[in-house]
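Asks: Before I ask anything, let me first share the structure, which is written out below as structure tokens.
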Amino acid sequence: MAGMKWVWDELKALDENKRLIPIKTLDGPQGPKVKIGSKQYLNMCSNNYLGLANHPDVRQAAIDAIKKYGVGAGAVRSIAGTMSIHEELEKKVAAFKHMPSSVVYQGGLLANIAAIPVLVGKEDLIFSEELNHASIIDGVRLSSAKRVVYKHLDMDDLRKQLSAHRSEGKKAMIISDGVFSMDGDITPLPEMVKLGEEFDAMTYVDDAHGEGVLGDHGRGIVDHFHLAGKVDIEMGTFSKAIGAMGGFVAGSQDLMALMKQKSRPFLFSSALDPAEVGAVMKSIEIMEKDDSLLKKLWHNSSLLKSELSKIGFSTGNSKTPITPVMIGKEKDTLDLSRLLYEEHSVFASPIVYPTVAQGTSRIRLMPSALHSENDIMMTVEAFEKAGRKLNLI
Ligand SMILES: *Cc1c(COP(=O)(O)O)cnc(C)c1O
């Protein structure tokens, strides 16, 4: 055990700087209410937007897939792990996204890490939005491409960076989250696509928080902006609105064929398990057939935002159900979250530095289609009482 003291030192430093992330354990499924210990809490922080994570038909589809295919895929995709359901799912995802083809991976993070290094290498350039998700940042690092960061939502800055640097790389790619997870704002994709065309750069959008939320029947950000066929690469996750686990990359037939030859999580990590594949296919079927869950999600989200604003809280620049209740100071944010949890049984996580910039601490609320109006109003009432107690409103 020599040489291991640093672990304790690091944990202690995190604790002293109030950066130790407390982890709560749920004693049951995800849902509008969750059980933690022996108590029920109103759950305002999962990404289970449409409530599909515990939908009876989705559960059943996972069980049926296990009955037919077992629990493990048994190998990496390129050796013996590709089952007919993986190919069925890839067709389904492509059709749902109105893209020519797709490849599925074991997670959204892995999909980014898989795809980016196939698309760009050390002689190439990547223009990356400053608030991009960690998995994009990791994918960019693994690619060895030169990274140029442009300002949040700022297409003038993107143009400036492209003008200044485009000639320094062979290939180039512009990459951005579609919906930003901490603010709920949306990237101006039509302008990004135009700049891509003008400067001969590929465009890549991470639609993790757009799927199931934006566009017709939740097809995502490309559909929301009517840009079908204009964005070169779409990446997404099955772990948020779709309610299960896994991720995908979608694009041209040729590009997807290349992903299957070159992307490392495809070649060196075993295939997504059958239960997940079955569950995801059912979730997509539900989304395609019926958009009542989507409508309920947006209804809940606008109710939540308008009621919070009536009592004096700001929800920032959010254009989606992601509802950041802006507080500012870190201590106030942590105190508010604790009061909500302890005195009002509302589970709502604080988001503080380094996840967001210093001085912009917030509580991020994630309404879902399964919350009742009463759940939303109880949340607002809890914010009102706890906010008054802490002199925040
Ligand atoms: C959640 C998220 C991911 C990762 O997806 P997982 O399937 O949970 O690995 C990637 N990108 C963005 C923008 C996300 O919000």
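How things are named: the first chain in the structure tokens is A, the next is B, and so on; residues count from 1 in each chain; ligands count from 1 in the order shown.
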Just the residues within 12 Å of Leu308 in chain A, please, counting only C-alpha atoms, with nothing from its chain fewer than 3 positions along; format it as a PDB file with N, CA, C and O atoms, in the first residue's frame.
Replies:
ATOM      1  N   SER A 301     -43.325  21.658 -18.228  1.00  0.00           N
ATOM      2  CA  SER A 301     -42.165  22.530 -18.187  1.00  0.00           C
ATOM      3  C   SER A 301     -42.574  24.002 -18.270  1.00  0.00           C
ATOM      4  O   SER A 301     -42.022  24.836 -17.550  1.00  0.00           O
ATOM      5  N   SER A 302     -43.581  24.341 -19.092  1.00  0.00           N
ATOM      6  CA  SER A 302     -43.945  25.764 -19.111  1.00  0.00           C
ATOM      7  C   SER A 302     -44.666  26.171 -17.837  1.00  0.00           C
ATOM      8  O   SER A 302     -44.475  27.299 -17.359  1.00  0.00           O
ATOM      9  N   LEU A 303     -45.454  25.257 -17.276  1.00  0.00           N
ATOM     10  CA  LEU A 303     -46.095  25.566 -15.985  1.00  0.00           C
ATOM     11  C   LEU A 303     -45.033  25.830 -14.909  1.00  0.00           C
ATOM     12  O   LEU A 303     -45.098  26.826 -14.168  1.00  0.00           O
ATOM     13  N   LEU A 304     -44.049  24.955 -14.857  1.00  0.00           N
ATOM     14  CA  LEU A 304     -42.989  25.097 -13.851  1.00  0.00           C
ATOM     15  C   LEU A 304     -42.271  26.432 -14.014  1.00  0.00           C
ATOM     16  O   LEU A 304     -42.073  27.180 -13.044  1.00  0.00           O
ATOM     17  N   LYS A 305     -41.896  26.766 -15.258  1.00  0.00           N
ATOM     18  CA  LYS A 305     -41.158  28.019 -15.483  1.00  0.00           C
ATOM     19  C   LYS A 305     -42.004  29.238 -15.137  1.00  0.00           C
ATOM     20  O   LYS A 305     -41.527  30.169 -14.484  1.00  0.00           O
ATOM     21  N   ILE A 311     -43.037  33.737  -8.551  1.00  0.00           N
ATOM     22  CA  ILE A 311     -42.586  33.923  -7.161  1.00  0.00           C
ATOM     23  C   ILE A 311     -41.199  34.566  -7.100  1.00  0.00           C
ATOM     24  O   ILE A 311     -40.617  34.692  -6.028  1.00  0.00           O
ATOM     25  N   GLY A 312     -40.655  34.939  -8.260  1.00  0.00           N
ATOM     26  CA  GLY A 312     -39.426  35.733  -8.242  1.00  0.00           C
ATOM     27  C   GLY A 312     -38.130  35.000  -8.531  1.00  0.00           C
ATOM     28  O   GLY A 312     -37.051  35.552  -8.308  1.00  0.00           O
ATOM     29  N   PHE A 313     -38.214  33.762  -9.050  1.00  0.00           N
ATOM     30  CA  PHE A 313     -36.979  33.079  -9.438  1.00  0.00           C
ATOM     31  C   PHE A 313     -36.769  33.201 -10.952  1.00  0.00           C
ATOM     32  O   PHE A 313     -37.728  33.177 -11.726  1.00  0.00           O
ATOM     33  N   SER A 314     -35.503  33.300 -11.351  1.00  0.00           N
ATOM     34  CA  SER A 314     -35.177  33.326 -12.782  1.00  0.00           C
ATOM     35  C   SER A 314     -34.801  31.921 -13.249  1.00  0.00           C
ATOM     36  O   SER A 314     -34.108  31.193 -12.541  1.00  0.00           O
ATOM     37  N   THR A 315     -35.284  31.547 -14.441  1.00  0.00           N
ATOM     38  CA  THR A 315     -34.884  30.255 -14.999  1.00  0.00           C
ATOM     39  C   THR A 315     -33.973  30.448 -16.212  1.00  0.00           C
ATOM     40  O   THR A 315     -33.927  29.604 -17.111  1.00  0.00           O
ATOM     41  N   GLY A 316     -33.243  31.554 -16.202  1.00  0.00           N
ATOM     42  CA  GLY A 316     -32.187  31.776 -17.191  1.00  0.00           C
ATOM     43  C   GLY A 316     -32.703  31.827 -18.615  1.00  0.00           C
ATOM     44  O   GLY A 316     -33.775  32.349 -18.881  1.00  0.00           O
ATOM     45  N   THR A 323     -34.744  23.147 -16.546  1.00  0.00           N
ATOM     46  CA  THR A 323     -35.139  24.367 -15.844  1.00  0.00           C
ATOM     47  C   THR A 323     -34.111  24.751 -14.782  1.00  0.00           C
ATOM     48  O   THR A 323     -34.187  24.284 -13.642  1.00  0.00           O
ATOM     49  N   PRO A 324     -33.138  25.596 -15.147  1.00  0.00           N
ATOM     50  CA  PRO A 324     -32.152  26.012 -14.156  1.00  0.00           C
ATOM     51  C   PRO A 324     -32.720  27.143 -13.308  1.00  0.00           C
ATOM     52  O   PRO A 324     -33.071  28.188 -13.849  1.00  0.00           O
ATOM     53  N   VAL A 325     -32.845  26.909 -12.016  1.00  0.00           N
ATOM     54  CA  VAL A 325     -33.292  27.986 -11.132  1.00  0.00           C
ATOM     55  C   VAL A 325     -32.026  28.696 -10.668  1.00  0.00           C
ATOM     56  O   VAL A 325     -31.255  28.157  -9.872  1.00  0.00           O
ATOM     57  N   MET A 326     -31.817  29.900 -11.201  1.00  0.00           N
ATOM     58  CA  MET A 326     -30.545  30.587 -11.003  1.00  0.00           C
ATOM     59  C   MET A 326     -30.481  31.174  -9.596  1.00  0.00           C
ATOM     60  O   MET A 326     -31.369  31.918  -9.183  1.00  0.00           O
ATOM     61  N   LEU A 365     -33.858  21.859 -12.357  1.00  0.00           N
ATOM     62  CA  LEU A 365     -35.064  21.034 -12.255  1.00  0.00           C
ATOM     63  C   LEU A 365     -35.338  20.361 -13.592  1.00  0.00           C
ATOM     64  O   LEU A 365     -35.234  20.988 -14.647  1.00  0.00           O
ATOM     65  N   ILE A 376     -45.900  19.565  -9.806  1.00  0.00           N
ATOM     66  CA  ILE A 376     -45.219  20.799 -10.219  1.00  0.00           C
ATOM     67  C   ILE A 376     -45.520  21.915  -9.215  1.00  0.00           C
ATOM     68  O   ILE A 376     -44.611  22.635  -8.771  1.00  0.00           O
ATOM     69  N   MET A 377     -46.782  22.024  -8.817  1.00  0.00           N
ATOM     70  CA  MET A 377     -47.151  23.092  -7.886  1.00  0.00           C
ATOM     71  C   MET A 377     -46.520  22.872  -6.508  1.00  0.00           C
ATOM     72  O   MET A 377     -46.152  23.826  -5.829  1.00  0.00           O
ATOM     73  N   MET A 378     -46.392  21.603  -6.104  1.00  0.00           N
ATOM     74  CA  MET A 378     -45.726  21.321  -4.822  1.00  0.00           C
ATOM     75  C   MET A 378     -44.260  21.735  -4.867  1.00  0.00           C
ATOM     76  O   MET A 378     -43.710  22.228  -3.881  1.00  0.00           O
ATOM     77  N   THR A 379     -43.637  21.515  -6.011  1.00  0.00           N
ATOM     78  CA  THR A 379     -42.234  21.913  -6.176  1.00  0.00           C
ATOM     79  C   THR A 379     -42.111  23.430  -6.037  1.00  0.00           C
ATOM     80  O   THR A 379     -41.231  23.943  -5.329  1.00  0.00           O
ATOM     81  N   VAL A 380     -43.010  24.154  -6.720  1.00  0.00           N
ATOM     82  CA  VAL A 380     -42.953  25.613  -6.694  1.00  0.00           C
ATOM     83  C   VAL A 380     -43.191  26.122  -5.264  1.00  0.00           C
ATOM     84  O   VAL A 380     -42.490  27.028  -4.783  1.00  0.00           O
ATOM     85  N   GLU A 381     -44.155  25.511  -4.588  1.00  0.00           N
ATOM     86  CA  GLU A 381     -44.451  25.911  -3.205  1.00  0.00           C
ATOM     87  C   GLU A 381     -43.240  25.685  -2.295  1.00  0.00           C
ATOM     88  O   GLU A 381     -42.912  26.514  -1.451  1.00  0.00           O
ATOM     89  N   ALA A 382     -42.562  24.566  -2.515  1.00  0.00           N
ATOM     90  CA  ALA A 382     -41.364  24.281  -1.719  1.00  0.00           C
ATOM     91  C   ALA A 382     -40.286  25.328  -1.997  1.00  0.00           C
ATOM     92  O   ALA A 382     -39.626  25.817  -1.067  1.00  0.00           O
ATOM     93  N   PHE A 383     -40.135  25.717  -3.256  1.00  0.00           N
ATOM     94  CA  PHE A 383     -39.159  26.765  -3.594  1.00  0.00           C
ATOM     95  C   PHE A 383     -39.541  28.093  -2.939  1.00  0.00           C
ATOM     96  O   PHE A 383     -38.680  28.837  -2.486  1.00  0.00           O
ATOM     97  N   GLU A 384     -40.833  28.366  -2.893  1.00  0.00           N
ATOM     98  CA  GLU A 384     -41.272  29.626  -2.303  1.00  0.00           C
ATOM     99  C   GLU A 384     -40.939  29.660  -0.809  1.00  0.00           C
ATOM    100  O   GLU A 384     -40.346  30.613  -0.311  1.00  0.00           O
ATOM    101  N   GLY A 387     -37.093  29.388  -0.303  1.00  0.00           N
ATOM    102  CA  GLY A 387     -36.475  30.614  -0.829  1.00  0.00           C
ATOM    103  C   GLY A 387     -36.665  31.793   0.117  1.00  0.00           C
ATOM    104  O   GLY A 387     -35.761  32.598   0.337  1.00  0.00           O
ATOM    105  N   ILE A 393     -35.755  35.252  -2.147  1.00  0.00           N
ATOM    106  CA  ILE A 393     -36.810  35.933  -2.918  1.00  0.00           C
ATOM    107  C   ILE A 393     -37.546  36.906  -1.983  1.00  0.00           C
ATOM    108  O   ILE A 393     -37.454  36.790  -0.775  1.00  0.00           O
TER     109      ILE A 393
END
Asks: Near Ser263 in chain A, counting only C-alpha atoms, which residues have an atom at most 12 Å away, once you skip same-chain residues fewer than 3 positions from it, shown as JSON, numbers by chain?
Replies: {"A": [76, 77, 78, 103, 104, 105, 110, 111, 112, 113, 114, 115, 116, 117, 118, 119, 120, 139, 142, 143, 249, 255, 256, 257, 258, 259, 260, 266, 267, 268, 269]}
Asks: Find the residues around Phe238 in chain A up to 12 Å (only C-alpha atoms counted), leave out those fewer than 6 positions away in its own chain, and share them as a PyMOL selection string.
Replies: chain A and resi 47-49+52-53+89+93+104-111+207-212+244-249+272+276-284
Asks: Please compute the CA of Trp298 in chain A-CA of Val213 in chain A distance, one decimal, in Å.
Replies: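 About the pair CA of Trp298 in chain A and CA of Val213 in chain A: they are 8.2 Å apart.
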Asks: With only C-alpha atoms as the counted atoms, please give the residues lying no more than 9 Å from Lys170 in chain A, apart from itself and same-chain residues fewer than 5 positions off, as a list in words.
Replies: Glu123, Asp124 and Leu125 of chain A
Asks: Check the DSSP output for the backbone and give back, as an MDAnalysis selection string, the residues of range 70-246 of chain A in helix (DSSP H, G or I).
Replies: chainID A and resid 77:81 84:97 108:119 134:143 155:168 189:198 216:218 221:224
Asks: What does the distance from CA of Thr320 in chain A to CA of Gly28 in chain A come to in Å, to one decimal?
Replies: 27.6 Å
Asks: Select, from A:Met235, A:Ala65, A:Leu370, A:Leu293, the residue with the minimum atom-to-atom distance to ligand 1, counting only C-alpha atoms and all ligand atoms.
Replies: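 That would be A:Met235, the residue with the smallest distance to ligand 1.
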Asks: So that I can see what lies close to Glu191 in chain A, please list as a PyMOL selection string the residues with an atom at most 12 Å from it, counting only C-alpha atoms and leaving out residues fewer than 5 positions away in the same chain.
Replies: chain A and resi 153-159+174+196-198+203+225+227+230-231
Asks: Quick check, in Å to one decimal: how far apart do CA of Gln40 in chain A and CA of Pro22 in chain A lie?
Replies: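 One can read the CA of Gln40 in chain A to CA of Pro22 in chain A distance as 18.4 Å.
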Asks: Compare A:His299, A:His133, A:Lys146, A:Arg388 by their minimum atom-to-atom distance to ligand 1, counting only C-alpha atoms and all ligand atoms, and give me the closest one.
Replies: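 That would be A:His133, the residue with the smallest distance to ligand 1.
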Asks: List the spatial neighbours of Arg219 in chain A as an mmCIF file with N, CA and C atoms, in the first residue's frame - criterion: any atom at most 12 Å away, only C-alpha atoms, same-chain residues fewer than 2 positions off excluded.
Replies:
data_model
loop_
_atom_site.group_PDB
_atom_site.id
_atom_site.type_symbol
_atom_site.label_atom_id
_atom_site.label_comp_id
_atom_site.auth_asym_id
_atom_site.auth_seq_id
_atom_site.Cartn_x
_atom_site.Cartn_y
_atom_site.Cartn_z
ATOM 1 N N LYS A 92 -33.906 1.254 -37.191
ATOM 2 C CA LYS A 92 -34.982 2.007 -36.538
ATOM 3 C C LYS A 92 -34.524 3.404 -36.138
ATOM 4 N N VAL A 93 -33.324 3.477 -35.589
ATOM 5 C CA VAL A 93 -32.783 4.774 -35.164
ATOM 6 C C VAL A 93 -32.616 5.686 -36.374
ATOM 7 N N ALA A 94 -32.056 5.132 -37.471
ATOM 8 C CA ALA A 94 -31.843 5.936 -38.671
ATOM 9 C C ALA A 94 -33.184 6.452 -39.192
ATOM 10 N N ALA A 95 -34.179 5.597 -39.229
ATOM 11 C CA ALA A 95 -35.493 6.015 -39.733
ATOM 12 C C ALA A 95 -36.087 7.094 -38.829
ATOM 13 N N PHE A 96 -35.984 6.891 -37.518
ATOM 14 C CA PHE A 96 -36.549 7.855 -36.567
ATOM 15 C C PHE A 96 -35.879 9.222 -36.717
ATOM 16 N N LYS A 97 -34.571 9.220 -36.943
ATOM 17 C CA LYS A 97 -33.824 10.470 -37.052
ATOM 18 C C LYS A 97 -33.814 11.026 -38.477
ATOM 19 N N HIS A 98 -34.455 10.346 -39.413
ATOM 20 C CA HIS A 98 -34.393 10.732 -40.831
ATOM 21 C C HIS A 98 -32.947 10.860 -41.309
ATOM 22 N N MET A 99 -32.128 9.893 -40.939
ATOM 23 C CA MET A 99 -30.735 9.846 -41.389
ATOM 24 C C MET A 99 -30.556 8.575 -42.221
ATOM 25 N N ASP A 207 -27.143 15.288 -29.727
ATOM 26 C CA ASP A 207 -28.566 15.541 -29.464
ATOM 27 C C ASP A 207 -29.070 14.843 -28.195
ATOM 28 N N ALA A 208 -28.172 14.622 -27.240
ATOM 29 C CA ALA A 208 -28.540 13.857 -26.040
ATOM 30 C C ALA A 208 -29.780 14.413 -25.322
ATOM 31 N N HIS A 209 -29.862 15.746 -25.209
ATOM 32 C CA HIS A 209 -31.016 16.335 -24.517
ATOM 33 C C HIS A 209 -32.090 16.825 -25.490
ATOM 34 N N GLY A 210 -31.909 16.528 -26.785
ATOM 35 C CA GLY A 210 -32.911 16.934 -27.767
ATOM 36 C C GLY A 210 -33.842 15.788 -28.133
ATOM 37 N N GLU A 211 -33.303 14.568 -28.119
ATOM 38 C CA GLU A 211 -34.132 13.414 -28.457
ATOM 39 C C GLU A 211 -35.267 13.236 -27.480
ATOM 40 N N GLY A 212 -36.437 13.003 -28.025
ATOM 41 C CA GLY A 212 -37.594 12.795 -27.156
ATOM 42 C C GLY A 212 -38.135 14.099 -26.611
ATOM 43 N N VAL A 213 -37.493 15.216 -26.947
ATOM 44 C CA VAL A 213 -37.860 16.504 -26.361
ATOM 45 C C VAL A 213 -38.185 17.535 -27.453
ATOM 46 N N LEU A 214 -37.318 17.602 -28.482
ATOM 47 C CA LEU A 214 -37.498 18.583 -29.558
ATOM 48 C C LEU A 214 -37.995 17.890 -30.829
ATOM 49 N N GLY A 215 -38.621 18.680 -31.700
ATOM 50 C CA GLY A 215 -39.008 18.181 -33.019
ATOM 51 C C GLY A 215 -40.273 17.341 -32.975
ATOM 52 N N ASP A 216 -40.714 16.984 -34.198
ATOM 53 C CA ASP A 216 -41.921 16.174 -34.349
ATOM 54 C C ASP A 216 -41.741 14.824 -33.659
ATOM 55 N N HIS A 217 -42.623 14.458 -32.765
ATOM 56 C CA HIS A 217 -42.546 13.213 -32.005
ATOM 57 C C HIS A 217 -41.191 13.011 -31.315
ATOM 58 N N ILE A 221 -33.192 17.763 -32.473
ATOM 59 C CA ILE A 221 -32.910 19.155 -32.865
ATOM 60 C C ILE A 221 -32.897 19.365 -34.374
ATOM 61 N N VAL A 222 -32.428 18.373 -35.141
ATOM 62 C CA VAL A 222 -32.362 18.544 -36.596
ATOM 63 C C VAL A 222 -33.774 18.678 -37.156
ATOM 64 N N ASP A 223 -34.679 17.879 -36.638
ATOM 65 C CA ASP A 223 -36.076 17.980 -37.049
ATOM 66 C C ASP A 223 -36.696 19.304 -36.579
ATOM 67 N N HIS A 224 -36.363 19.710 -35.378
ATOM 68 C CA HIS A 224 -36.863 20.972 -34.814
ATOM 69 C C HIS A 224 -36.565 22.147 -35.753
ATOM 70 N N PHE A 225 -35.365 22.147 -36.344
ATOM 71 C CA PHE A 225 -34.974 23.234 -37.255
ATOM 72 C C PHE A 225 -35.233 22.895 -38.730
ATOM 73 N N HIS A 226 -35.910 21.783 -39.017
ATOM 74 C CA HIS A 226 -36.174 21.341 -40.395
ATOM 75 C C HIS A 226 -34.893 21.283 -41.223
ATOM 76 N N LEU A 227 -33.879 20.624 -40.676
ATOM 77 C CA LEU A 227 -32.578 20.568 -41.342
ATOM 78 C C LEU A 227 -32.227 19.157 -41.817
ATOM 79 N N ALA A 228 -33.237 18.303 -42.026
ATOM 80 C CA ALA A 228 -32.942 16.916 -42.426
ATOM 81 C C ALA A 228 -32.019 16.909 -43.644
ATOM 82 N N GLU A 234 -25.056 13.086 -36.558
ATOM 83 C CA GLU A 234 -25.856 13.268 -35.352
ATOM 84 C C GLU A 234 -25.468 12.174 -34.389
ATOM 85 N N GLY A 236 -26.407 10.597 -30.398
ATOM 86 C CA GLY A 236 -27.431 10.682 -29.360
ATOM 87 C C GLY A 236 -27.283 9.581 -28.334
ATOM 88 N N ALA A 241 -34.318 10.687 -22.596
ATOM 89 C CA ALA A 241 -35.754 10.519 -22.872
ATOM 90 C C ALA A 241 -36.104 9.071 -23.243
ATOM 91 N N ILE A 242 -35.201 8.381 -23.913
ATOM 92 C CA ILE A 242 -35.505 7.025 -24.367
ATOM 93 C C ILE A 242 -35.534 6.031 -23.198
ATOM 94 N N ILE A 284 -38.715 3.797 -28.813
ATOM 95 C CA ILE A 284 -38.822 4.557 -30.068
ATOM 96 C C ILE A 284 -40.194 4.316 -30.704
ATOM 97 N N GLU A 285 -40.661 3.064 -30.649
ATOM 98 C CA GLU A 285 -42.010 2.779 -31.179
ATOM 99 C C GLU A 285 -43.067 3.624 -30.474
ATOM 100 N N MET A 287 -42.660 6.476 -28.954
ATOM 101 C CA MET A 287 -42.506 7.882 -29.338
ATOM 102 C C MET A 287 -43.065 8.141 -30.744
ATOM 103 N N GLU A 288 -42.843 7.187 -31.649
ATOM 104 C CA GLU A 288 -43.322 7.369 -33.027
ATOM 105 C C GLU A 288 -44.843 7.361 -33.102
ATOM 106 N N ASP A 291 -47.600 11.208 -29.429
ATOM 107 C CA ASP A 291 -46.793 12.287 -28.847
ATOM 108 C C ASP A 291 -47.452 12.918 -27.618
ATOM 109 N N LEU A 294 -44.839 13.643 -24.942
ATOM 110 C CA LEU A 294 -44.062 14.824 -25.322
ATOM 111 C C LEU A 294 -44.834 16.107 -24.983
#
Asks: Could you pull out the strand (DSSP E or B) residues of range 112-317 of chain A, going by DSSP on the backbone, and write them as a PyMOL selection string?
Replies: chain A and resi 125-129+146-150+172-177+179+186+202-206+233-237+247-251+270
Asks: Could you take the residues named above and write them with N, CA, C and O atoms, as a short mmCIF file (atom, residue, chain, number, x, y, z; two decimals), in the first residue's frame?
Replies:
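Result went into out_4.cif, see below:
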data_model
loop_
_atom_site.label_atom_id
_atom_site.label_comp_id
_atom_site.auth_asym_id
_atom_site.auth_seq_id
_atom_site.Cartn_x
_atom_site.Cartn_y
_atom_site.Cartn_z
N LEU A 125 -8.75 19.94 -37.87
CA LEU A 125 -9.17 20.96 -36.92
C LEU A 125 -10.57 20.67 -36.41
O LEU A 125 -11.43 20.19 -37.17
N ILE A 126 -10.79 21.00 -35.15
CA ILE A 126 -12.15 20.86 -34.63
C ILE A 126 -12.55 22.16 -33.95
O ILE A 126 -11.81 22.71 -33.14
N PHE A 127 -13.68 22.69 -34.38
CA PHE A 127 -14.22 23.93 -33.80
C PHE A 127 -15.28 23.50 -32.79
O PHE A 127 -16.33 22.98 -33.17
N SER A 128 -14.98 23.71 -31.52
CA SER A 128 -15.79 23.13 -30.45
C SER A 128 -16.43 24.23 -29.59
O SER A 128 -15.75 25.16 -29.16
N GLU A 129 -17.72 24.14 -29.36
CA GLU A 129 -18.49 25.08 -28.53
C GLU A 129 -17.93 25.08 -27.11
O GLU A 129 -17.60 24.01 -26.58
N LYS A 146 -6.42 19.47 -33.74
CA LYS A 146 -6.24 20.77 -33.07
C LYS A 146 -7.62 21.35 -32.74
O LYS A 146 -8.50 21.39 -33.60
N ARG A 147 -7.76 21.78 -31.48
CA ARG A 147 -9.07 22.26 -31.05
C ARG A 147 -9.12 23.78 -31.00
O ARG A 147 -8.23 24.41 -30.42
N VAL A 148 -10.14 24.35 -31.59
CA VAL A 148 -10.39 25.79 -31.48
C VAL A 148 -11.75 25.93 -30.79
O VAL A 148 -12.75 25.37 -31.26
N VAL A 149 -11.77 26.64 -29.66
CA VAL A 149 -13.02 26.77 -28.91
C VAL A 149 -13.72 28.07 -29.32
O VAL A 149 -13.08 29.11 -29.42
N TYR A 150 -15.02 28.00 -29.62
CA TYR A 150 -15.76 29.23 -29.89
C TYR A 150 -16.78 29.48 -28.79
O TYR A 150 -17.18 28.57 -28.07
N ALA A 172 -11.93 19.73 -41.46
CA ALA A 172 -12.38 20.49 -40.29
C ALA A 172 -13.79 20.04 -39.91
O ALA A 172 -14.55 19.56 -40.76
N MET A 173 -14.10 20.18 -38.63
CA MET A 173 -15.44 19.81 -38.16
C MET A 173 -15.89 20.81 -37.09
O MET A 173 -15.10 21.21 -36.23
N ILE A 174 -17.16 21.19 -37.18
CA ILE A 174 -17.77 22.03 -36.13
C ILE A 174 -18.59 21.09 -35.26
O ILE A 174 -19.39 20.31 -35.79
N ILE A 175 -18.40 21.17 -33.95
CA ILE A 175 -19.11 20.23 -33.06
C ILE A 175 -19.78 20.97 -31.92
O ILE A 175 -19.19 21.87 -31.31
N SER A 176 -21.03 20.59 -31.66
CA SER A 176 -21.77 21.27 -30.58
C SER A 176 -22.83 20.37 -29.97
O SER A 176 -23.42 19.53 -30.65
N ASP A 177 -23.07 20.57 -28.69
CA ASP A 177 -24.28 20.03 -28.08
C ASP A 177 -25.46 20.69 -28.80
O ASP A 177 -25.36 21.85 -29.20
N VAL A 179 -28.81 20.73 -27.31
CA VAL A 179 -29.38 21.39 -26.14
C VAL A 179 -28.31 21.33 -25.05
O VAL A 179 -27.72 20.28 -24.83
N ILE A 186 -30.43 26.33 -26.71
CA ILE A 186 -30.32 25.51 -27.92
C ILE A 186 -29.31 26.12 -28.88
O ILE A 186 -29.33 27.34 -29.11
N MET A 202 -17.20 19.82 -41.72
CA MET A 202 -18.29 18.91 -41.37
C MET A 202 -19.04 19.48 -40.16
O MET A 202 -18.47 20.22 -39.36
N THR A 203 -20.31 19.09 -40.01
CA THR A 203 -21.06 19.51 -38.82
C THR A 203 -21.51 18.29 -38.04
O THR A 203 -21.96 17.29 -38.61
N TYR A 204 -21.37 18.40 -36.72
CA TYR A 204 -21.64 17.27 -35.80
C TYR A 204 -22.45 17.83 -34.64
O TYR A 204 -22.03 18.79 -33.99
N VAL A 205 -23.63 17.24 -34.39
CA VAL A 205 -24.42 17.72 -33.25
C VAL A 205 -24.72 16.57 -32.29
O VAL A 205 -25.04 15.46 -32.70
N ASP A 206 -24.52 16.86 -31.00
CA ASP A 206 -24.80 15.89 -29.93
C ASP A 206 -26.22 16.20 -29.42
O ASP A 206 -26.45 17.23 -28.80
N ILE A 233 -23.28 14.67 -39.09
CA ILE A 233 -23.26 13.61 -38.08
C ILE A 233 -24.16 14.01 -36.92
O ILE A 233 -24.05 15.11 -36.37
N GLU A 234 -25.06 13.09 -36.56
CA GLU A 234 -25.86 13.27 -35.35
C GLU A 234 -25.47 12.17 -34.39
O GLU A 234 -25.33 11.01 -34.78
N MET A 235 -25.31 12.57 -33.14
CA MET A 235 -25.01 11.58 -32.12
C MET A 235 -26.09 11.70 -31.06
O MET A 235 -26.67 12.77 -30.87
N GLY A 236 -26.41 10.60 -30.40
CA GLY A 236 -27.43 10.68 -29.36
C GLY A 236 -27.28 9.58 -28.33
O GLY A 236 -26.42 8.71 -28.45
N THR A 237 -28.13 9.66 -27.33
CA THR A 237 -28.09 8.67 -26.25
C THR A 237 -29.45 8.00 -26.10
O THR A 237 -30.48 8.59 -26.43
N GLY A 247 -26.04 4.36 -26.87
CA GLY A 247 -25.92 5.59 -27.65
C GLY A 247 -25.81 5.26 -29.12
O GLY A 247 -25.75 4.09 -29.49
N PHE A 248 -25.79 6.29 -29.95
CA PHE A 248 -25.67 6.03 -31.39
C PHE A 248 -24.99 7.19 -32.09
O PHE A 248 -24.90 8.31 -31.56
N VAL A 249 -24.52 6.88 -33.29
CA VAL A 249 -24.04 7.90 -34.22
C VAL A 249 -24.81 7.67 -35.50
O VAL A 249 -25.03 6.52 -35.89
N ALA A 250 -25.27 8.75 -36.15
CA ALA A 250 -26.00 8.59 -37.41
C ALA A 250 -25.39 9.50 -38.47
O ALA A 250 -24.90 10.58 -38.16
N GLY A 251 -25.39 9.00 -39.71
CA GLY A 251 -24.82 9.76 -40.83
C GLY A 251 -24.96 8.97 -42.10
O GLY A 251 -25.84 8.11 -42.21
N SER A 270 -17.51 -4.95 -25.79
CA SER A 270 -18.60 -5.85 -26.19
C SER A 270 -19.89 -5.08 -26.50
O SER A 270 -20.12 -3.99 -25.99
#
Asks: I'd like to know which of A:Asp335, A:Asp138, A:Asp200, A:Asp273 is closest to ligand 1, using only C-alpha atoms and all ligand atoms.
Replies: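 That would be A:Asp138, the residue with the smallest distance to ligand 1.
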Asks: Could you tell me which of A:Met1, A:Met366, A:Ile137, A:Leu11 comes closest to Gly31 in chain A if we count only C-alpha atoms?
Replies: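 That would be A:Met366, the residue with the smallest distance to Gly31 in chain A.
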Asks: For Ser84 in chain A, which residue among A:Pro350, A:Gly51, A:Gly178, A:Pro274 is the nearest when counting only C-alpha atoms?
Replies: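 Closest residue, counting only C-alpha atoms: A:Pro274.
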